[in-house]
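Text of model-v5.csv (CSV, N, CA, C and O atoms) as supplied:
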chain,number,residue,atom,x,y,z
G,1,MET,N,-31.5,48.0,-23.5
G,1,MET,CA,-31.8,46.8,-22.7
G,1,MET,C,-33.3,47.0,-22.2
G,1,MET,O,-33.6,48.0,-21.6
G,2,THR,N,-34.1,46.0,-22.4
G,2,THR,CA,-35.5,46.0,-22.0
G,2,THR,C,-35.6,45.6,-20.5
G,2,THR,O,-34.7,45.1,-19.9
G,3,LEU,N,-36.7,45.9,-19.9
G,3,LEU,CA,-37.0,45.5,-18.6
G,3,LEU,C,-36.9,44.0,-18.4
G,3,LEU,O,-36.3,43.5,-17.4
G,4,LEU,N,-37.4,43.3,-19.3
G,4,LEU,CA,-37.3,41.8,-19.2
G,4,LEU,C,-35.9,41.3,-19.3
G,4,LEU,O,-35.5,40.4,-18.5
G,5,SER,N,-35.0,42.0,-20.1
G,5,SER,CA,-33.6,41.6,-20.1
G,5,SER,C,-33.0,41.9,-18.7
G,5,SER,O,-32.2,41.0,-18.3
G,6,VAL,N,-33.3,43.0,-18.1
G,6,VAL,CA,-32.7,43.3,-16.8
G,6,VAL,C,-33.2,42.3,-15.8
G,6,VAL,O,-32.4,41.8,-15.0
G,7,LEU,N,-34.5,42.0,-15.8
G,7,LEU,CA,-35.0,41.0,-14.8
G,7,LEU,C,-34.4,39.6,-15.0
G,7,LEU,O,-34.1,38.9,-14.1
G,8,ALA,N,-34.3,39.2,-16.3
G,8,ALA,CA,-33.7,37.9,-16.6
G,8,ALA,C,-32.2,37.9,-16.1
G,8,ALA,O,-31.8,36.9,-15.6
G,9,SER,N,-31.5,39.0,-16.3
G,9,SER,CA,-30.1,39.0,-15.8
G,9,SER,C,-30.0,39.0,-14.3
G,9,SER,O,-29.2,38.2,-13.7
G,10,VAL,N,-30.9,39.7,-13.6
G,10,VAL,CA,-30.9,39.7,-12.1
G,10,VAL,C,-31.3,38.3,-11.7
G,10,VAL,O,-30.7,37.7,-10.7
G,11,ALA,N,-32.3,37.7,-12.3
G,11,ALA,CA,-32.7,36.3,-11.9
G,11,ALA,C,-31.6,35.3,-12.1
G,11,ALA,O,-31.3,34.4,-11.3
G,12,GLY,N,-30.9,35.4,-13.2
G,12,GLY,CA,-29.8,34.5,-13.5
G,12,GLY,C,-28.7,34.6,-12.5
G,12,GLY,O,-28.2,33.6,-12.0
G,13,VAL,N,-28.3,35.8,-12.2
G,13,VAL,CA,-27.2,36.0,-11.2
G,13,VAL,C,-27.7,35.5,-9.8
G,13,VAL,O,-26.9,34.9,-9.1
G,14,SER,N,-28.9,35.8,-9.5
G,14,SER,CA,-29.5,35.4,-8.2
G,14,SER,C,-29.5,33.8,-8.1
G,14,SER,O,-29.1,33.3,-7.0
G,15,MET,N,-29.8,33.2,-9.2
G,15,MET,CA,-29.8,31.7,-9.2
G,15,MET,C,-28.4,31.2,-9.0
G,15,MET,O,-28.2,30.2,-8.3
G,16,GLY,N,-27.4,31.9,-9.6
G,16,GLY,CA,-26.1,31.5,-9.5
G,16,GLY,C,-25.6,31.6,-8.1
G,16,GLY,O,-24.8,30.8,-7.6
G,17,LEU,N,-26.0,32.6,-7.4
G,17,LEU,CA,-25.6,32.9,-6.0
G,17,LEU,C,-26.4,32.1,-5.0
G,17,LEU,O,-26.1,32.1,-3.8
G,18,SER,N,-27.4,31.4,-5.4
G,18,SER,CA,-28.3,30.7,-4.5
G,18,SER,C,-27.6,29.6,-3.7
G,18,SER,O,-28.1,29.2,-2.7
G,19,SER,N,-26.5,29.2,-4.2
G,19,SER,CA,-25.7,28.1,-3.5
G,19,SER,C,-24.9,28.6,-2.3
G,19,SER,O,-24.4,27.8,-1.5
G,20,ILE,N,-24.8,29.9,-2.2
G,20,ILE,CA,-23.9,30.5,-1.1
G,20,ILE,C,-24.4,30.1,0.3
G,20,ILE,O,-23.5,29.7,1.1
G,21,PRO,N,-25.7,30.1,0.6
G,21,PRO,CA,-26.0,29.7,1.9
G,21,PRO,C,-25.6,28.2,2.2
G,21,PRO,O,-25.2,27.9,3.3
G,22,GLN,N,-25.7,27.3,1.2
G,22,GLN,CA,-25.2,26.0,1.4
G,22,GLN,C,-23.7,25.9,1.6
G,22,GLN,O,-23.3,25.1,2.5
G,23,ILE,N,-23.0,26.7,0.9
G,23,ILE,CA,-21.5,26.7,1.1
G,23,ILE,C,-21.2,27.2,2.5
G,23,ILE,O,-20.4,26.6,3.2
G,24,TYR,N,-21.9,28.2,3.0
G,24,TYR,CA,-21.7,28.8,4.3
G,24,TYR,C,-22.0,27.7,5.4
G,24,TYR,O,-21.3,27.5,6.3
G,25,ARG,N,-23.1,27.0,5.2
G,25,ARG,CA,-23.5,26.0,6.1
G,25,ARG,C,-22.5,24.8,6.2
G,25,ARG,O,-22.1,24.3,7.3
G,26,ILE,N,-22.0,24.4,5.0
G,26,ILE,CA,-21.0,23.4,5.0
G,26,ILE,C,-19.7,23.8,5.8
G,26,ILE,O,-19.1,23.1,6.5
G,27,TYR,N,-19.3,25.1,5.5
G,27,TYR,CA,-18.1,25.6,6.2
G,27,TYR,C,-18.3,25.7,7.7
G,27,TYR,O,-17.4,25.3,8.5
G,28,LEU,N,-19.5,26.1,8.2
G,28,LEU,CA,-19.8,26.2,9.6
G,28,LEU,C,-19.7,24.9,10.3
G,28,LEU,O,-19.2,24.7,11.3
G,29,ARG,N,-20.4,23.9,9.6
G,29,ARG,CA,-20.5,22.6,10.2
G,29,ARG,C,-19.2,21.7,10.0
G,29,ARG,O,-19.1,20.7,10.6
G,30,LYS,N,-18.4,22.1,9.0
G,30,LYS,CA,-17.2,21.4,8.6
G,30,LYS,C,-17.6,20.0,8.2
G,30,LYS,O,-16.9,19.0,8.5
G,31,SER,N,-18.8,19.9,7.6
G,31,SER,CA,-19.3,18.6,7.1
G,31,SER,C,-20.1,18.8,5.9
G,31,SER,O,-20.9,19.7,5.8
G,32,ALA,N,-20.0,17.9,4.9
G,32,ALA,CA,-20.8,17.9,3.7
G,32,ALA,C,-21.4,16.5,3.6
G,32,ALA,O,-21.7,16.1,2.5
G,33,ALA,N,-21.6,15.8,4.7
G,33,ALA,CA,-22.1,14.4,4.7
G,33,ALA,C,-23.5,14.3,4.0
G,33,ALA,O,-23.8,13.3,3.4
G,34,ASP,N,-24.4,15.3,4.2
G,34,ASP,CA,-25.7,15.2,3.7
G,34,ASP,C,-26.0,15.9,2.4
G,34,ASP,O,-27.1,16.1,2.0
G,35,ILE,N,-24.9,16.2,1.7
G,35,ILE,CA,-25.0,16.9,0.4
G,35,ILE,C,-24.9,15.9,-0.8
G,35,ILE,O,-24.1,15.0,-0.8
G,36,SER,N,-25.8,16.1,-1.7
G,36,SER,CA,-25.8,15.2,-2.9
G,36,SER,C,-24.8,15.7,-3.9
G,36,SER,O,-25.0,16.8,-4.5
G,37,LYS,N,-23.7,15.0,-4.0
G,37,LYS,CA,-22.7,15.3,-5.0
G,37,LYS,C,-23.2,15.2,-6.4
G,37,LYS,O,-22.8,16.0,-7.3
G,38,VAL,N,-24.0,14.2,-6.7
G,38,VAL,CA,-24.5,14.0,-8.1
G,38,VAL,C,-25.3,15.2,-8.5
G,38,VAL,O,-25.2,15.7,-9.7
G,39,THR,N,-26.2,15.7,-7.6
G,39,THR,CA,-27.0,16.9,-8.0
G,39,THR,C,-26.1,18.1,-8.4
G,39,THR,O,-26.4,18.7,-9.4
G,40,HIS,N,-25.1,18.4,-7.6
G,40,HIS,CA,-24.3,19.5,-7.9
G,40,HIS,C,-23.4,19.3,-9.1
G,40,HIS,O,-23.1,20.3,-9.8
G,41,LEU,N,-23.0,18.1,-9.3
G,41,LEU,CA,-22.2,17.8,-10.6
G,41,LEU,C,-23.1,18.0,-11.8
G,41,LEU,O,-22.6,18.6,-12.8
G,42,ILE,N,-24.3,17.6,-11.7
G,42,ILE,CA,-25.3,17.8,-12.9
G,42,ILE,C,-25.5,19.3,-13.1
G,42,ILE,O,-25.5,19.8,-14.2
G,43,ILE,N,-25.6,20.1,-12.0
G,43,ILE,CA,-25.8,21.5,-12.1
G,43,ILE,C,-24.6,22.1,-12.8
G,43,ILE,O,-24.7,23.0,-13.7
G,44,VAL,N,-23.4,21.7,-12.4
G,44,VAL,CA,-22.2,22.3,-13.0
G,44,VAL,C,-22.1,21.9,-14.4
G,44,VAL,O,-21.8,22.8,-15.3
G,45,LEU,N,-22.4,20.7,-14.8
G,45,LEU,CA,-22.3,20.3,-16.2
G,45,LEU,C,-23.3,21.1,-17.0
G,45,LEU,O,-23.0,21.5,-18.1
G,46,GLY,N,-24.6,21.2,-16.5
G,46,GLY,CA,-25.6,22.0,-17.2
G,46,GLY,C,-25.2,23.4,-17.4
G,46,GLY,O,-25.4,24.0,-18.5
G,47,ALA,N,-24.7,24.0,-16.3
G,47,ALA,CA,-24.3,25.4,-16.4
G,47,ALA,C,-23.1,25.6,-17.4
G,47,ALA,O,-23.0,26.6,-18.0
G,48,PHE,N,-22.2,24.6,-17.4
G,48,PHE,CA,-21.1,24.7,-18.4
G,48,PHE,C,-21.6,24.7,-19.8
G,48,PHE,O,-21.1,25.5,-20.6
G,49,ILE,N,-22.6,23.9,-20.1
G,49,ILE,CA,-23.2,23.9,-21.5
G,49,ILE,C,-23.8,25.2,-21.8
G,49,ILE,O,-23.7,25.8,-22.8
G,50,TRP,N,-24.6,25.7,-20.8
G,50,TRP,CA,-25.2,27.1,-21.0
G,50,TRP,C,-24.1,28.1,-21.2
G,50,TRP,O,-24.3,29.1,-22.0
G,51,LEU,N,-23.0,28.0,-20.4
G,51,LEU,CA,-21.9,29.0,-20.6
G,51,LEU,C,-21.4,28.9,-22.0
G,51,LEU,O,-21.2,30.0,-22.6
G,52,LEU,N,-21.2,27.8,-22.5
G,52,LEU,CA,-20.7,27.6,-23.9
G,52,LEU,C,-21.6,28.2,-24.9
G,52,LEU,O,-21.3,28.9,-25.8
G,53,TYR,N,-22.9,28.0,-24.6
G,53,TYR,CA,-24.0,28.6,-25.5
G,53,TYR,C,-23.9,30.1,-25.4
G,53,TYR,O,-24.0,30.8,-26.5
G,54,GLY,N,-23.8,30.6,-24.2
G,54,GLY,CA,-23.8,32.1,-24.0
G,54,GLY,C,-22.6,32.7,-24.7
G,54,GLY,O,-22.7,33.8,-25.3
G,55,ILE,N,-21.5,32.0,-24.7
G,55,ILE,CA,-20.3,32.4,-25.4
G,55,ILE,C,-20.5,32.4,-26.9
G,55,ILE,O,-20.1,33.4,-27.6
G,56,GLU,N,-21.1,31.4,-27.4
G,56,GLU,CA,-21.4,31.2,-28.8
G,56,GLU,C,-22.3,32.4,-29.4
G,56,GLU,O,-22.0,32.9,-30.4
G,57,ILE,N,-23.3,32.7,-28.6
G,57,ILE,CA,-24.2,33.8,-29.1
G,57,ILE,C,-23.8,35.2,-28.5
G,57,ILE,O,-24.6,36.1,-28.7
G,58,SER,N,-22.7,35.2,-27.8
G,58,SER,CA,-22.2,36.5,-27.2
G,58,SER,C,-23.3,37.2,-26.3
G,58,SER,O,-23.5,38.4,-26.4
G,59,SER,N,-23.9,36.4,-25.4
G,59,SER,CA,-24.9,36.9,-24.5
G,59,SER,C,-24.2,37.0,-23.1
G,59,SER,O,-24.1,36.0,-22.4
G,60,TRP,N,-23.9,38.2,-22.7
G,60,TRP,CA,-23.3,38.4,-21.4
G,60,TRP,C,-24.1,38.0,-20.2
G,60,TRP,O,-23.6,37.4,-19.2
G,61,PRO,N,-25.5,38.2,-20.2
G,61,PRO,CA,-26.3,37.7,-19.1
G,61,PRO,C,-26.2,36.2,-18.9
G,61,PRO,O,-26.0,35.7,-17.8
G,62,ILE,N,-26.2,35.4,-20.0
G,62,ILE,CA,-26.1,34.0,-19.9
G,62,ILE,C,-24.7,33.6,-19.5
G,62,ILE,O,-24.5,32.7,-18.6
G,63,ILE,N,-23.7,34.3,-20.0
G,63,ILE,CA,-22.3,34.0,-19.6
G,63,ILE,C,-22.0,34.2,-18.1
G,63,ILE,O,-21.5,33.3,-17.4
G,64,VAL,N,-22.4,35.4,-17.6
G,64,VAL,CA,-22.1,35.8,-16.3
G,64,VAL,C,-22.9,34.9,-15.3
G,64,VAL,O,-22.3,34.4,-14.3
G,65,SER,N,-24.2,34.7,-15.5
G,65,SER,CA,-25.0,33.9,-14.6
G,65,SER,C,-24.5,32.5,-14.5
G,65,SER,O,-24.5,31.9,-13.4
G,66,ASN,N,-24.2,31.9,-15.6
G,66,ASN,CA,-23.8,30.5,-15.6
G,66,ASN,C,-22.3,30.3,-15.0
G,66,ASN,O,-22.0,29.3,-14.4
G,67,PHE,N,-21.5,31.3,-15.3
G,67,PHE,CA,-20.2,31.3,-14.7
G,67,PHE,C,-20.3,31.3,-13.2
G,67,PHE,O,-19.6,30.6,-12.5
G,68,ILE,N,-21.1,32.2,-12.6
G,68,ILE,CA,-21.3,32.3,-11.2
G,68,ILE,C,-21.9,30.9,-10.7
G,68,ILE,O,-21.4,30.4,-9.6
G,69,GLY,N,-22.8,30.3,-11.4
G,69,GLY,CA,-23.4,29.1,-11.0
G,69,GLY,C,-22.3,27.9,-11.0
G,69,GLY,O,-22.3,27.1,-10.1
G,70,ILE,N,-21.5,28.0,-12.0
G,70,ILE,CA,-20.4,27.0,-12.0
G,70,ILE,C,-19.5,27.1,-10.8
G,70,ILE,O,-19.1,26.2,-10.1
G,71,LEU,N,-19.1,28.4,-10.5
G,71,LEU,CA,-18.2,28.6,-9.4
G,71,LEU,C,-18.8,28.2,-8.0
G,71,LEU,O,-18.1,27.5,-7.3
G,72,THR,N,-20.0,28.6,-7.8
G,72,THR,CA,-20.6,28.3,-6.5
G,72,THR,C,-20.9,26.8,-6.3
G,72,THR,O,-20.6,26.2,-5.3
G,73,ASN,N,-21.3,26.1,-7.4
G,73,ASN,CA,-21.6,24.7,-7.3
G,73,ASN,C,-20.3,23.9,-7.3
G,73,ASN,O,-20.2,22.8,-6.6
G,74,ALA,N,-19.3,24.4,-7.9
G,74,ALA,CA,-18.0,23.7,-7.9
G,74,ALA,C,-17.4,23.9,-6.5
G,74,ALA,O,-16.7,22.9,-6.0
G,75,LEU,N,-17.6,25.0,-5.8
G,75,LEU,CA,-17.2,25.2,-4.4
G,75,LEU,C,-17.9,24.1,-3.5
G,75,LEU,O,-17.2,23.6,-2.6
G,76,ILE,N,-19.1,23.8,-3.7
G,76,ILE,CA,-19.8,22.8,-3.0
G,76,ILE,C,-19.2,21.5,-3.2
G,76,ILE,O,-18.9,20.7,-2.3
G,77,LEU,N,-18.9,21.1,-4.5
G,77,LEU,CA,-18.2,19.9,-4.7
G,77,LEU,C,-16.8,19.8,-4.1
G,77,LEU,O,-16.4,18.7,-3.6
G,78,LEU,N,-16.1,20.9,-4.1
G,78,LEU,CA,-14.8,20.9,-3.4
G,78,LEU,C,-15.0,20.7,-1.9
G,78,LEU,O,-14.2,20.0,-1.3
G,79,ALA,N,-16.0,21.3,-1.3
G,79,ALA,CA,-16.3,21.2,0.1
G,79,ALA,C,-16.6,19.7,0.4
G,79,ALA,O,-16.2,19.2,1.4
G,80,CYS,N,-17.4,19.1,-0.5
G,80,CYS,CA,-17.7,17.7,-0.3
G,80,CYS,C,-16.4,16.8,-0.3
G,80,CYS,O,-16.3,15.9,0.4
G,81,TYR,N,-15.4,17.2,-1.1
G,81,TYR,CA,-14.2,16.5,-1.1
G,81,TYR,C,-13.4,16.7,0.1
G,81,TYR,O,-12.9,15.8,0.8
G,82,PHE,N,-13.2,18.0,0.5
G,82,PHE,CA,-12.4,18.4,1.7
G,82,PHE,C,-13.0,17.9,3.0
G,82,PHE,O,-12.3,17.6,4.0
G,83,TYR,N,-14.4,18.0,3.1
G,83,TYR,CA,-15.0,17.6,4.3
G,83,TYR,C,-15.6,16.2,4.3
G,83,TYR,O,-16.6,15.9,5.0
G,84,ARG,N,-15.1,15.4,3.4
G,84,ARG,CA,-15.6,14.0,3.3
G,84,ARG,C,-15.3,13.2,4.6
G,84,ARG,O,-14.3,13.6,5.3
G,85,GLU,N,-16.1,12.3,4.9
G,85,GLU,CA,-15.9,11.5,6.1
G,85,GLU,C,-14.9,10.4,5.8
G,85,GLU,O,-15.0,9.6,4.8
G,86,THR,N,-13.8,10.4,6.5
G,86,THR,CA,-12.7,9.4,6.2
G,86,THR,C,-12.9,8.1,7.1
G,86,THR,O,-12.3,7.1,6.7
G,87,ASN,N,-13.6,8.2,8.2
G,87,ASN,CA,-13.8,7.0,9.0
G,87,ASN,C,-15.2,6.4,8.8
G,87,ASN,O,-16.1,6.6,9.6
G,88,ARG,N,-15.4,5.7,7.8
G,88,ARG,CA,-16.7,5.1,7.5
G,88,ARG,C,-16.6,3.6,8.0
G,88,ARG,O,-15.6,2.9,7.8
G,89,TYR,N,-17.6,3.2,8.7
G,89,TYR,CA,-17.7,1.8,9.2
G,89,TYR,C,-18.5,0.9,8.4
G,89,TYR,O,-19.3,1.2,7.7
Transcribe the structure of this file into structure tokens.
Amino acid sequence: MTLLSVLASVAGVSMGLSSIPQIYRIYLRKSAADISKVTHLIIVLGAFIWLLYGIEISSWPIIVSNFIGILTNALILLACYFYRETNRY
């Protein structure tokens, strides 16, 4: 494994984990009112396509980083569902 491969793997996992502060903030506030659901849906769909590509070429760095990205962004979408505002005027 080259240095660039290691750096790319670390960057991919870091990008996948980058949504954790947003998840934590939603949980603390018990609100996802200001979160763009469309943005996170697009991220999940894009990461899913990259995951399929990673599986096709058997690239573990692509598989792992995009799987993490799917999980964290799907958690944000779930939080948007559970903390949605039910009393809209």
**Message:** Can you measure atom CA of Ala74 of chain G to atom CA of Arg25 of chain G for me? One decimal in Å is fine.
**Reply:**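 Going from atom CA of Ala74 of chain G over to atom CA of Arg25 of chain G covers 15.2 Å.
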**Item:** Residues within 9 Å of Ser31 of chain G, only C-alpha atoms, excluding chain neighbours under 6 positions, as a list in words
**Value:**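 Counting only the stated atoms, we get Arg25, Ala79, Cys80, Phe82, Tyr83, Arg84 and Glu85 of chain G.
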**Residue list (helix (DSSP H, G or I), DSSP) for chain G, as number ranges by chain** = G: 3-17, 20-29, 37-56, 60-82
**Prompt:** Can you list, as a PyMOL selection string, every protein, DNA or RNA residue that comes within 8 Å of Met15 of chain G when you count all atoms listed in the file, leaving out same-chain residues fewer than 4 positions away?
**Reply:** chain G and resi 8-11+19-20+65-66+68-70
**Computed interatomic separation between atom CA of Leu77 of chain G and atom CA of Trp60 of chain G (Å)** = 25.4 Å
**Message:** So that I can see what lies close to Pro61 of chain G, please list as a list of chain:residue names the residues with an atom at most 7 Å from it, counting all atoms listed in the file and leaving out residues fewer than 6 positions away in the same chain.
**Reply:**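 These residues fall inside the cut-off: G:Ser5, G:Ala8, G:Ser9, G:Gly12, G:Val13, G:Gly54, G:Phe67.
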Take the residues just selected and output them with N, CA, C and O atoms as a PDB file, in the frame of the given file.
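So selection_11.pdb came out as:
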ATOM      1  N   SER G   5     -35.000  42.000 -20.100  1.00  0.00           N
ATOM      2  CA  SER G   5     -33.600  41.600 -20.100  1.00  0.00           C
ATOM      3  C   SER G   5     -33.000  41.900 -18.700  1.00  0.00           C
ATOM      4  O   SER G   5     -32.200  41.000 -18.300  1.00  0.00           O
ATOM      5  N   ALA G   8     -34.300  39.200 -16.300  1.00  0.00           N
ATOM      6  CA  ALA G   8     -33.700  37.900 -16.600  1.00  0.00           C
ATOM      7  C   ALA G   8     -32.200  37.900 -16.100  1.00  0.00           C
ATOM      8  O   ALA G   8     -31.800  36.900 -15.600  1.00  0.00           O
ATOM      9  N   SER G   9     -31.500  39.000 -16.300  1.00  0.00           N
ATOM     10  CA  SER G   9     -30.100  39.000 -15.800  1.00  0.00           C
ATOM     11  C   SER G   9     -30.000  39.000 -14.300  1.00  0.00           C
ATOM     12  O   SER G   9     -29.200  38.200 -13.700  1.00  0.00           O
ATOM     13  N   GLY G  12     -30.900  35.400 -13.200  1.00  0.00           N
ATOM     14  CA  GLY G  12     -29.800  34.500 -13.500  1.00  0.00           C
ATOM     15  C   GLY G  12     -28.700  34.600 -12.500  1.00  0.00           C
ATOM     16  O   GLY G  12     -28.200  33.600 -12.000  1.00  0.00           O
ATOM     17  N   VAL G  13     -28.300  35.800 -12.200  1.00  0.00           N
ATOM     18  CA  VAL G  13     -27.200  36.000 -11.200  1.00  0.00           C
ATOM     19  C   VAL G  13     -27.700  35.500  -9.800  1.00  0.00           C
ATOM     20  O   VAL G  13     -26.900  34.900  -9.100  1.00  0.00           O
ATOM     21  N   GLY G  54     -23.800  30.600 -24.200  1.00  0.00           N
ATOM     22  CA  GLY G  54     -23.800  32.100 -24.000  1.00  0.00           C
ATOM     23  C   GLY G  54     -22.600  32.700 -24.700  1.00  0.00           C
ATOM     24  O   GLY G  54     -22.700  33.800 -25.300  1.00  0.00           O
ATOM     25  N   PHE G  67     -21.500  31.300 -15.300  1.00  0.00           N
ATOM     26  CA  PHE G  67     -20.200  31.300 -14.700  1.00  0.00           C
ATOM     27  C   PHE G  67     -20.300  31.300 -13.200  1.00  0.00           C
ATOM     28  O   PHE G  67     -19.600  30.600 -12.500  1.00  0.00           O
TER      29      PHE G  67
END
**Request:** Counting all atoms listed in the file, figure out which residue out of G:Val6, G:Gly46, G:Val38, G:Leu75 gets nearest to Ile23 of chain G.
**Result:** G:Leu75
**Message:** So the first atom is atom C of Ile63 of chain G and the second is atom CA of Leu51 of chain G; what is the distance between them in Å, to one decimal place?
**Reply:**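 That distance, rounded to one decimal, is 5.8 Å.
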